[in-house]
Amino acid sequence: MNLTTASRKSHCPACGLDTDTVSVDAPGMEPQPPHPGQLSICRKCGAVCELTDSMDLRELPDNELSGIRDEKPAMYEHIETVRDAIESAKKFRAPKREAAIR
Ligand SMILES: [Zn+2]
């Protein structure tokens, strides 16, 4: 595998955002360079994706997320923490329509 392709930007398969994703691999450990099987979370929509062997992003279906929850609870907790943070950030990005109505 050519590692120079690993640092390219990818598109989120869920929302299409041009993204350099948030890694959730090995929480609490040194950051690792992108590699197949690494999980990442879209900064915009919170989709949990996995890098494929060809370094493309693939959104994890719910049953695979459940598998992570069962087999790697610490990693799953980290994923949930990151997704909660993204959800919170959405509130600040959302248009404040209600506040504009007087
Ligand atoms: Zn996305």
# chains A, B, ... in the order shown; residues from 1 in each chain; ligands from 1
$ residues_near_ligand --ligand "ligand 1" --cutoff "7 Å" --atoms "only C-alpha atoms and all ligand atoms" --output "JSON, numbers by chain"
{"A": [12, 13, 14, 15, 16, 17, 42, 43, 44, 45, 46, 47]}
$ residues_around --residues "A:Asp62" --least-positions-apart "4" --cutoff "12 Å" --atoms "only C-alpha atoms" --output "ChimeraX atom specification"
/A:47-49,66-69
$ write_last_selection --atoms "C-alpha atoms" --output "PDB file, in the first residue's frame"
ATOM      1  CA  ALA A  47     -21.364   9.263  10.729  1.00  0.00           C
ATOM      2  CA  VAL A  48     -18.982   6.567  11.951  1.00  0.00           C
ATOM      3  CA  CYS A  49     -16.852   5.375   9.054  1.00  0.00           C
ATOM      4  CA  SER A  66     -23.459  -2.711  17.921  1.00  0.00           C
ATOM      5  CA  GLY A  67     -20.581  -5.137  17.470  1.00  0.00           C
ATOM      6  CA  ILE A  68     -18.099  -2.468  18.546  1.00  0.00           C
ATOM      7  CA  ARG A  69     -20.275  -1.673  21.548  1.00  0.00           C
TER       8      ARG A  69
END
$ decode --residues "stretch 33-67 of chain A" --atoms "C-alpha atoms" --output "PDB file, in the first residue's frame"
ATOM      1  CA  PRO A  33      -1.470   7.489  10.589  1.00  0.00           C
ATOM      2  CA  PRO A  34      -4.571   6.518   8.608  1.00  0.00           C
ATOM      3  CA  HIS A  35      -4.717   2.807   7.931  1.00  0.00           C
ATOM      4  CA  PRO A  36      -7.308   0.285   6.721  1.00  0.00           C
ATOM      5  CA  GLY A  37      -9.761  -0.611   9.473  1.00  0.00           C
ATOM      6  CA  GLN A  38      -9.261   2.704  11.247  1.00  0.00           C
ATOM      7  CA  LEU A  39     -12.476   4.304  12.391  1.00  0.00           C
ATOM      8  CA  SER A  40     -13.251   7.939  11.885  1.00  0.00           C
ATOM      9  CA  ILE A  41     -16.205  10.159  12.562  1.00  0.00           C
ATOM     10  CA  CYS A  42     -17.479  12.807  10.169  1.00  0.00           C
ATOM     11  CA  ARG A  43     -17.132  16.252  11.730  1.00  0.00           C
ATOM     12  CA  LYS A  44     -20.354  17.405  10.108  1.00  0.00           C
ATOM     13  CA  CYS A  45     -22.919  14.628  10.428  1.00  0.00           C
ATOM     14  CA  GLY A  46     -21.357  12.300  13.008  1.00  0.00           C
ATOM     15  CA  ALA A  47     -21.364   9.263  10.729  1.00  0.00           C
ATOM     16  CA  VAL A  48     -18.982   6.567  11.951  1.00  0.00           C
ATOM     17  CA  CYS A  49     -16.852   5.375   9.054  1.00  0.00           C
ATOM     18  CA  GLU A  50     -14.109   2.850   8.519  1.00  0.00           C
ATOM     19  CA  LEU A  51     -11.157   3.157   6.173  1.00  0.00           C
ATOM     20  CA  THR A  52     -11.254   0.348   3.644  1.00  0.00           C
ATOM     21  CA  ASP A  53      -8.235  -1.444   2.194  1.00  0.00           C
ATOM     22  CA  SER A  54      -8.291   1.055  -0.669  1.00  0.00           C
ATOM     23  CA  MET A  55      -8.356   3.933   1.860  1.00  0.00           C
ATOM     24  CA  ASP A  56     -11.902   4.913   1.046  1.00  0.00           C
ATOM     25  CA  LEU A  57     -14.441   5.678   3.731  1.00  0.00           C
ATOM     26  CA  ARG A  58     -17.324   3.322   4.343  1.00  0.00           C
ATOM     27  CA  GLU A  59     -20.114   4.190   6.760  1.00  0.00           C
ATOM     28  CA  LEU A  60     -20.568   1.549   9.432  1.00  0.00           C
ATOM     29  CA  PRO A  61     -24.067   0.047   9.517  1.00  0.00           C
ATOM     30  CA  ASP A  62     -25.855  -0.145  12.865  1.00  0.00           C
ATOM     31  CA  ASN A  63     -25.123  -3.836  13.332  1.00  0.00           C
ATOM     32  CA  GLU A  64     -21.378  -3.199  13.100  1.00  0.00           C
ATOM     33  CA  LEU A  65     -21.668  -0.331  15.573  1.00  0.00           C
ATOM     34  CA  SER A  66     -23.459  -2.711  17.921  1.00  0.00           C
ATOM     35  CA  GLY A  67     -20.581  -5.137  17.470  1.00  0.00           C
TER      36      GLY A  67
END
